[in-house]
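Working notes, structure below.
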Amino acid sequence: LLTSRGKALCEELEVHYENFIDCYDWKEVLSPSIDPYSGMSSLQRVPERFAQLLRHGEGLLQRVYFTRHVFLKARPMFLNDQQYLKVLKGLMAKFPEFPEADKIPGYDLLTSRGKALCEELEGHYENFIDCYDWKEAALHLINEVGTQTSILSHDTNERLMGVWLDLMVMFVRLHLLVATIADRKTILAVYAKMYQYTKSLPEPNYIKVSKWMMMYDVPFRQIQEDFRAVNDQMGRALLSTMMPYLKTRTVSIMRKESALSITLKSEDLTRPAHDQFRHELTMTSRVFQWVVYGYLAVPGALAAPGAVDYLKAVLAESYLAPVFKDVTFPIYPEYDNLFTNYKSKTFSLAKQKKVVKDAAVSSVAEAHRKHHERRVYVRQEMEALLHLLEDRPALLGPKFPMIIAGLHLAKEEIFAHFRQQVEQPPEKLRKHYKPDDWKEKRISSLIYLIHKFTELINKHRAIIQMYHLEYMAVADALALQSLVDANFANAAGPNVTQLAQSIQSDLASCQSLLDNVQRGGAPEMNFRGLRASWLRMQALMSATGSSLITQHKALVSRFEVVAQHSLNVDGIDEQLEEFASLKQLYYFKESLFTSFDQSIVDGPDQPLHAMVYIHLLAQFPSNATEYWPEEREIIGTESVRIANESLTKVATRIATILHTMATEYIRNDYQISDSNAALPLLQKRKDYKPPKDYVPPAEPGSESAYRNRTILENLRLYERNAAQLCTALNSVLDLTVYDHNITPREYLRERIGTNLRTFMRKALPTGNVDAPIQRPSLLAMQFRIYIATLSFVENFVSLDMGDLIREVLIGESYVRSLGKSGHLNFITDPEIDPLDKETFLQQILQFYIDLVHKRILVPGVVYSPLRQGFVSKTVMPFQVEGYASVVELKALATLIGPYGLKAIDREVLKFIAAQVSGLKDSLTSNAPVLDVIQSAYYREARCLEEFKRLKDVDSFMNKSVQIGNALTMRQLLHQALHEVLQEEVPFIVNTVDAMFHEYQQNTFMHPDLVPVDSLAVDAGIDAGTADPYLKATLKKTTTDADKRIWDLLPVMYAASFATSSVWREAVYKPQIEGYLNNAHCLARCINDLIVCFGSITNPTSNEMDIIASLQKFVEVSSVILLRMARAKEDRRGPVDFPSVIVFLDKFMDNANLLTYDVLESCLPYALLRNMYKDIYEVKTQGKPVDPTFIDTAGY
């Protein structure tokens, strides 16, 4: 039964089993007695003890940091309540002792919340208990190793010395971090007192923990006492790091030694970079902390020759030392206090107090130059190294130690930069502090290099592992074989020899691992035991009374190389975490993203590296640990927010630059506009005087003049900036930040779309009352330039700008409520309103509604068939030809498309319907008279009498002219749309046209053919008598009972020739091929109304009835006009009779259902020809004619 679920049981119980293992290991650390089961001495267990203490120490730092965060950022309520403060003051009066409960004023306040306070403070109290236990174990191990070893030196047993000093530094950092919690004593006292109150027992750990808290109230005072036994040993260890450290801090030496360069010494191109110098480069940040904290812990070691000078050099590096995350330690106040007050019988630090002052000044006034020099060096060398290794990844194996050294230096400089951005120097040093000196514009380059190297290593980690595994299997194994001989075994003894042989056996297993990999396997590579054996071996060889460590330096050196090689096989992730992880930059996020804001704006290459900050945000949630799991949610949410803000800033920056570039290009294009071209010609005229407020336009090409060079230079910089930011955005397809999957380019797409919409809406209005919007052709030109500028993005980002532009244009011009082609609901449904949102189309629509309702009805505005548009007199402030001509409407069609024009068409149709209702009223009131005229129009006397009885004829005709204007405007819209579609999508338009002409025109709106008719109209094709939209609109104004009224429409229009002032004032102008009062638009109005109402009200669907109505209009009109021709002396007749006669010819041009023989039978062609001759004849009145003069009739 067990074996059947063996694997599942292992997985289920594994975590719990490991918990017990960790408990046992922790017990062993706290109990330094000899393990009765292993028979090993305390030095033999050094690796396990150091590993456990360092691991648990890191966890305690995290837990104490959490306590600090809680009591600093979100203090418990009882610490802020004034009532509780009085109670706490009485409770803490004699800390760590407690006064009697009845002597504490307001004690009941605490006891009333006793259980809640215990629960609230329990976790923090236990943190301090564990800190005390850890302190005891760590102090014991530090003193034990320090006293039981003969030497701890960088040159002899570096690994052992390193972990020993690391533990010392962690010991100091933990106490410094605890000391930053201002309420630490309050936590202890309140919890212990409430524990005693709720459980009626004293808290068992309170006495020792409170005593520890009091002893370390001023941390270094007690630490110096704790480390007194290892003062000399630690001093020698610190001093042994002096030469390597100072060497690694000098850029000239690093250049000379080719620390980060492969190509400087070409003969070493493929040789392994396992030299001691590069290893020392990876230790610089550790050594800095060793020295800074070490000499504060063992100030007696400063008596050694050279120690003070060494300390001075280290202190000059920075005025801060890291404690944990964003918590830092101000170095100089503590050292100033040490050199002032430290007393020793053998030497005096007070005499050398100037050393601290000089170092302090140097760390503020000069250190920034050293850091800048190192950053420049690291950046240059790492860039070259990255390009080479990307091209030749096989070099990653031998050059991996060099890469790790470079990553460490870069990380060290990055954190130093941000620490110094957050924390200013002490007050006494601020006169030497200049914030601008500490700013590093290209810090993003270092972050980028670390990111790229991390990606490269992860991508090719197999190369690195196989290289070092093979190195261990062959070269290292052979070297140790010659060093671990019989002489060494006799001198070392069985324990050391056994450890050496275990390492050799581990090396022997490397060959089998290699064979397994070559066969395609994936064996587990774990050499932690090898490294633990080497550390244990170092401890035994360094024991008091033993000189093995100094006698066998070659063997020690080789074992150290082997240990490092093993780490390069199974510890790549650990090394990347230690030397390349920047996740703790989260705690400097404000300064970090201040540098981000700077990086996207300026610099030679910083914008290229902008996206590395977003990669950092993806790493930040991993800062959370098991000791504070809630932090993951906090960091993750914050990271997502910052990612959104940062990408929005990048997208906004790019879009703003593109807008600036487009605006400049539009301004340059405006220099060669027609209005500017006229200025030089006007200036040549002697009588020309510009207006007072006139500002002459810029001359074409003026932007290239030397005095304007800054404009072009700024434009080039903008273009470079945009190109770099686009390249950076395109480098990341998508990225997961916490629980959000982010696609950076979508931010740019959205922002460009928003900018395009904003540009369209803001470019349209002019601010001029007479011409409230831009001419469509000018707007289209600006839009084309803007679109061409936006296409710049496609060169660098995988973004379909054409799709984006179409989406924006459709969004700004498409009205969903208008429906699809083939449906008439947008006409028949009064609830549909195309103005359903604030869009570009809305502004245009409002203008063209005003144009149809008011502007083209103003006297002086005429439709000119010759110019294919409405024209205004030149003296008028509003020039309608800039908005209502085929050329301008074609430009409008390119901007708002068929759906936009369809929305305008709907408003025009609504206007027509409103005017037709007025016509119906006039017809109804005049129906009896019109019936008489219809039956007796050939009787002149009777007609003249009836004409006098007609009412509101002028109103009827004026409405008809307005309808004609609207129908003409609609025809211009359709013509412009058709021409644009013919240019852009000819195959579609031709297909629709062929389909529409496949059958006879659908005059009577048969339902099966209406969809095709509608599609034809939507494509701008002239539907003739089959216009479904016009008929659907007019159908709403009439009923079946109105058929008799609409049958009188031809008679009413014919009678208007003798009764309306429209015809009396009609004057035909050949220059515009139209009448000055737009009477020629009546031709389209009369024909369309007769056809539409004939088809709507005809129950038999007989087209001959419509033709008969049209013929009736021609016949009655001809009779009336011929009678008027005989009575020219009648003052009530037209001012220009030929102009009225030729109207019938214009009507025949619009009447598709009639042929010219109908007019010929009523009105002789000879008469029409003579009328046209009179109109077109140039009357010179005896004066010579100027052949260059063009008569435009004032238009």
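Ordering of the structure tokens sets the chain letters (A, B, ...); residue numbers start at 1 within each chain; ligands are numbered from 1 in the order shown.
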Which residues come within 7 Å of region 155-162 of chain A, counting only C-alpha atoms, excluding same-chain residues fewer than 6 positions away, as a short mmCIF file (atom, residue, chain, number, x, y, z; two decimals) with all heavy atoms, in the first residue's frame?
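The file below, part_35.cif, is the result:
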```cif
data_model
loop_
_atom_site.label_atom_id
_atom_site.label_comp_id
_atom_site.auth_asym_id
_atom_site.auth_seq_id
_atom_site.Cartn_x
_atom_site.Cartn_y
_atom_site.Cartn_z
N LEU A 535 36.30 24.11 2.79
CA LEU A 535 36.26 25.04 3.91
C LEU A 535 36.62 24.32 5.21
O LEU A 535 37.35 24.86 6.06
CB LEU A 535 34.86 25.66 4.01
CG LEU A 535 34.66 26.71 5.10
CD1 LEU A 535 35.64 27.87 4.93
CD2 LEU A 535 33.23 27.23 5.12
N GLN A 538 40.30 23.83 5.17
CA GLN A 538 41.00 25.08 5.50
C GLN A 538 41.01 25.31 7.01
O GLN A 538 42.02 25.73 7.59
CB GLN A 538 40.32 26.27 4.81
CG GLN A 538 40.92 26.65 3.50
CD GLN A 538 40.44 28.03 3.02
OE1 GLN A 538 39.80 28.76 3.75
NE2 GLN A 538 40.78 28.36 1.80
N ALA A 539 39.86 25.07 7.65
CA ALA A 539 39.78 25.29 9.09
C ALA A 539 40.74 24.38 9.85
O ALA A 539 41.42 24.81 10.79
CB ALA A 539 38.35 25.07 9.56
N ILE A 549 48.68 25.34 6.50
CA ILE A 549 48.09 26.32 5.58
C ILE A 549 49.14 27.21 4.96
O ILE A 549 48.98 27.71 3.83
CB ILE A 549 47.01 27.15 6.32
CG1 ILE A 549 46.08 27.84 5.29
CG2 ILE A 549 47.63 28.17 7.25
CD1 ILE A 549 45.13 26.91 4.63
N THR A 550 50.23 27.45 5.68
CA THR A 550 51.30 28.31 5.14
C THR A 550 52.36 27.50 4.40
O THR A 550 53.06 28.05 3.55
CB THR A 550 51.95 29.08 6.30
OG1 THR A 550 52.44 28.16 7.28
CG2 THR A 550 50.96 30.03 6.93
#
```
Spatial neighbours of region 472-474 of chain A, 12 Å, only C-alpha atoms, chain gap at least 5 places, as a ChimeraX atom specification: /A:465-467,479-481,503-515,527,530,558-559,561-569
Dump N, CA, C and O atoms for the selected residues as a compact mmCIF listing (two decimals), in the first residue's frame?
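That gives us out_6.txt:
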```
# COMPACT_ATOMS: atom_id res chain seq x y z
N GLN A 465 28.90 25.73 -17.93
CA GLN A 465 28.96 24.53 -17.09
C GLN A 465 29.85 23.46 -17.68
O GLN A 465 30.70 22.89 -16.97
N MET A 466 29.70 23.20 -18.96
CA MET A 466 30.51 22.14 -19.57
C MET A 466 31.99 22.50 -19.59
O MET A 466 32.85 21.64 -19.41
N TYR A 467 32.28 23.77 -19.80
CA TYR A 467 33.69 24.19 -19.81
C TYR A 467 34.34 23.91 -18.47
O TYR A 467 35.42 23.30 -18.38
N ALA A 479 46.16 18.14 -11.51
CA ALA A 479 46.96 19.02 -10.65
C ALA A 479 46.90 18.55 -9.20
O ALA A 479 47.93 18.52 -8.50
N LEU A 480 45.73 18.17 -8.72
CA LEU A 480 45.61 17.71 -7.34
C LEU A 480 46.29 16.35 -7.13
O LEU A 480 46.79 16.05 -6.05
N GLN A 481 46.30 15.57 -8.19
CA GLN A 481 46.95 14.26 -8.08
C GLN A 481 48.42 14.40 -7.74
O GLN A 481 48.98 13.62 -6.96
N ILE A 503 37.52 15.26 -1.96
CA ILE A 503 37.45 16.26 -3.05
C ILE A 503 37.93 15.63 -4.34
O ILE A 503 37.34 15.85 -5.42
N GLN A 504 38.99 14.83 -4.26
CA GLN A 504 39.50 14.17 -5.46
C GLN A 504 38.47 13.19 -6.03
O GLN A 504 38.32 13.08 -7.25
N SER A 505 37.75 12.52 -5.14
CA SER A 505 36.72 11.58 -5.64
C SER A 505 35.59 12.35 -6.32
O SER A 505 35.01 11.89 -7.31
N ASP A 506 35.28 13.55 -5.79
CA ASP A 506 34.26 14.38 -6.46
C ASP A 506 34.73 14.79 -7.85
O ASP A 506 33.93 14.84 -8.80
N LEU A 507 36.01 15.11 -7.98
CA LEU A 507 36.55 15.46 -9.30
C LEU A 507 36.51 14.27 -10.24
O LEU A 507 36.26 14.43 -11.45
N ALA A 508 36.77 13.08 -9.69
CA ALA A 508 36.75 11.88 -10.54
C ALA A 508 35.34 11.63 -11.10
O ALA A 508 35.19 11.09 -12.20
N SER A 509 34.30 12.04 -10.32
CA SER A 509 32.93 11.84 -10.80
C SER A 509 32.55 12.78 -11.93
O SER A 509 31.52 12.59 -12.58
N CYS A 510 33.34 13.82 -12.14
CA CYS A 510 33.02 14.80 -13.20
C CYS A 510 33.04 14.17 -14.57
O CYS A 510 32.26 14.56 -15.45
N GLN A 511 33.93 13.19 -14.78
CA GLN A 511 34.02 12.56 -16.09
C GLN A 511 32.74 11.81 -16.43
O GLN A 511 32.24 11.87 -17.55
N SER A 512 32.18 11.13 -15.43
CA SER A 512 30.92 10.42 -15.68
C SER A 512 29.79 11.40 -15.97
O SER A 512 28.90 11.13 -16.78
N LEU A 513 29.82 12.56 -15.29
CA LEU A 513 28.81 13.59 -15.58
C LEU A 513 28.94 14.08 -17.02
O LEU A 513 27.94 14.28 -17.71
N LEU A 514 30.18 14.27 -17.46
CA LEU A 514 30.41 14.71 -18.84
C LEU A 514 29.91 13.68 -19.84
O LEU A 514 29.26 14.01 -20.83
N ASP A 515 30.20 12.43 -19.57
CA ASP A 515 29.74 11.36 -20.48
C ASP A 515 28.22 11.32 -20.53
O ASP A 515 27.62 11.14 -21.60
N PHE A 527 27.92 20.36 -6.22
CA PHE A 527 29.26 20.30 -5.64
C PHE A 527 29.33 21.09 -4.33
O PHE A 527 30.40 21.54 -3.94
N LEU A 530 31.68 19.43 -2.01
CA LEU A 530 33.10 19.68 -2.31
C LEU A 530 33.56 20.99 -1.68
O LEU A 530 34.63 21.04 -1.05
N ARG A 558 45.37 25.72 -5.51
CA ARG A 558 44.68 24.85 -6.45
C ARG A 558 43.30 24.45 -5.93
O ARG A 558 42.32 24.43 -6.68
N PHE A 559 43.23 24.13 -4.62
CA PHE A 559 41.92 23.79 -4.05
C PHE A 559 40.95 24.98 -4.16
O PHE A 559 39.75 24.79 -4.38
N VAL A 561 40.94 27.21 -6.54
CA VAL A 561 40.52 27.24 -7.95
C VAL A 561 39.47 26.18 -8.21
O VAL A 561 38.46 26.42 -8.90
N VAL A 562 39.69 24.98 -7.64
CA VAL A 562 38.72 23.90 -7.83
C VAL A 562 37.36 24.30 -7.26
O VAL A 562 36.31 24.08 -7.87
N ALA A 563 37.39 24.90 -6.06
CA ALA A 563 36.13 25.32 -5.44
C ALA A 563 35.42 26.35 -6.30
O ALA A 563 34.19 26.31 -6.46
N GLN A 564 36.17 27.28 -6.88
CA GLN A 564 35.56 28.29 -7.74
C GLN A 564 35.02 27.67 -9.02
O GLN A 564 33.93 28.03 -9.49
N HIS A 565 35.76 26.71 -9.59
CA HIS A 565 35.28 26.02 -10.79
C HIS A 565 33.97 25.29 -10.50
O HIS A 565 33.04 25.27 -11.33
N SER A 566 33.90 24.64 -9.34
CA SER A 566 32.66 23.92 -8.99
C SER A 566 31.49 24.88 -8.85
O SER A 566 30.36 24.56 -9.21
N LEU A 567 31.76 26.07 -8.34
CA LEU A 567 30.70 27.07 -8.21
C LEU A 567 30.22 27.53 -9.58
O LEU A 567 29.04 27.84 -9.76
N ASN A 568 31.11 27.54 -10.57
CA ASN A 568 30.72 27.92 -11.93
C ASN A 568 29.93 26.83 -12.63
O ASN A 568 29.39 27.07 -13.72
N VAL A 569 29.89 25.65 -12.04
CA VAL A 569 29.10 24.56 -12.61
C VAL A 569 27.69 24.54 -12.01
O VAL A 569 26.69 24.55 -12.73
```
All helix (DSSP H, G or I) residues (DSSP, backbone) inside region 35-86 of chain A, as a count of residues only: 39
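The neighbours of region 982-996 of chain A here are the residues that come within 8 Å of it, using only C-alpha atoms and leaving out any residue fewer than 4 positions away in the same chain; they are His978, Val1012, Asp1013, Leu1015, Ala1016, Ala1019 and Ile1021 of chain A.
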Give me the residues within 9 Å of region 104-121 of chain A as a tab-separated table (two decimals) with C-alpha atoms, in the first residue's frame, counting only C-alpha atoms and dropping any in the same chain fewer than 6 places off.
```tsv
chain	number	residue	atom	x	y	z
A	76	PRO	CA	0.12	50.58	15.95
A	78	PHE	CA	-1.69	52.51	20.92
A	83	GLN	CA	-3.97	58.42	26.43
A	84	TYR	CA	-1.74	55.41	25.87
A	86	LYS	CA	0.94	58.47	29.43
A	87	VAL	CA	0.54	54.80	30.35
A	88	LEU	CA	3.60	53.81	28.35
A	89	LYS	CA	5.65	56.56	29.96
A	90	GLY	CA	4.84	55.13	33.40
A	91	LEU	CA	5.51	51.57	32.24
A	187	ILE	CA	7.60	46.40	22.28
A	188	LEU	CA	9.45	44.27	24.84
A	190	VAL	CA	4.29	46.02	26.64
A	191	TYR	CA	4.34	42.44	25.40
A	192	ALA	CA	6.01	41.05	28.52
A	193	LYS	CA	3.63	42.93	30.83
A	194	MET	CA	0.51	41.91	28.89
A	195	TYR	CA	1.79	38.33	28.71
A	197	TYR	CA	-1.34	39.85	32.83
A	198	THR	CA	-3.14	37.43	30.49
```
Each residue of region 41-108 of chain A lying at most 8 Å from region 627-641 of chain A should get a row with its shortest atom-to-atom pair and the distance in Å to one decimal, counting only C-alpha atoms; could you produce that, ordered by chain and increasing number, as a tab-separated table?
```
residue	atom	partner	partner_atom	distance
A:Gly59	CA	A:Tyr627	CA	7.0
A:Gln62	CA	A:Tyr627	CA	6.8
A:Arg63	CA	A:Tyr627	CA	5.9
A:Phe66	CA	A:Trp628	CA	6.9
```
Selection from above, C-alpha atoms, as a PDB file, in the first residue's frame, can you write it?
```
ATOM      1  CA  GLY A  59      16.357  35.856   7.704  1.00  0.00           C
ATOM      2  CA  GLN A  62      14.428  40.508   7.002  1.00  0.00           C
ATOM      3  CA  ARG A  63      12.257  39.967  10.083  1.00  0.00           C
ATOM      4  CA  PHE A  66       9.653  44.092   8.791  1.00  0.00           C
TER       5      PHE A  66
END
```
Contacts of Asn205 (chain A) at 12 Å or less, counting only C-alpha atoms, minus same-chain residues fewer than 3 places along, as a PDB file with C-alpha atoms, in the first residue's frame?
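The resulting file, around30.pdb, is shown below:
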```
ATOM      1  CA  TYR A 125       8.775  40.116  20.281  1.00  0.00           C
ATOM      2  CA  GLU A 126       9.778  36.695  18.953  1.00  0.00           C
ATOM      3  CA  ASN A 127      11.988  38.410  16.396  1.00  0.00           C
ATOM      4  CA  PHE A 128      13.983  39.956  19.233  1.00  0.00           C
ATOM      5  CA  ILE A 129      14.197  36.610  21.054  1.00  0.00           C
ATOM      6  CA  ASP A 130      15.604  34.964  17.925  1.00  0.00           C
ATOM      7  CA  CYS A 131      18.009  37.875  17.477  1.00  0.00           C
ATOM      8  CA  TYR A 132      19.312  37.288  20.992  1.00  0.00           C
ATOM      9  CA  ASP A 133      19.736  33.540  20.401  1.00  0.00           C
ATOM     10  CA  LEU A 188       9.454  44.274  24.842  1.00  0.00           C
ATOM     11  CA  ALA A 189       7.895  45.934  27.863  1.00  0.00           C
ATOM     12  CA  TYR A 191       4.343  42.437  25.397  1.00  0.00           C
ATOM     13  CA  ALA A 192       6.007  41.046  28.525  1.00  0.00           C
ATOM     14  CA  TYR A 195       1.792  38.325  28.712  1.00  0.00           C
ATOM     15  CA  GLN A 196       2.129  38.300  32.465  1.00  0.00           C
ATOM     16  CA  LEU A 201       3.081  34.025  34.440  1.00  0.00           C
ATOM     17  CA  PRO A 202       6.172  36.087  33.678  1.00  0.00           C
ATOM     18  CA  LYS A 208      17.699  38.060  28.926  1.00  0.00           C
ATOM     19  CA  VAL A 209      16.260  39.884  25.922  1.00  0.00           C
ATOM     20  CA  SER A 210      15.737  43.177  27.761  1.00  0.00           C
ATOM     21  CA  LYS A 211      19.241  42.932  29.202  1.00  0.00           C
ATOM     22  CA  TRP A 212      20.608  42.371  25.701  1.00  0.00           C
TER      23      TRP A 212
END
```
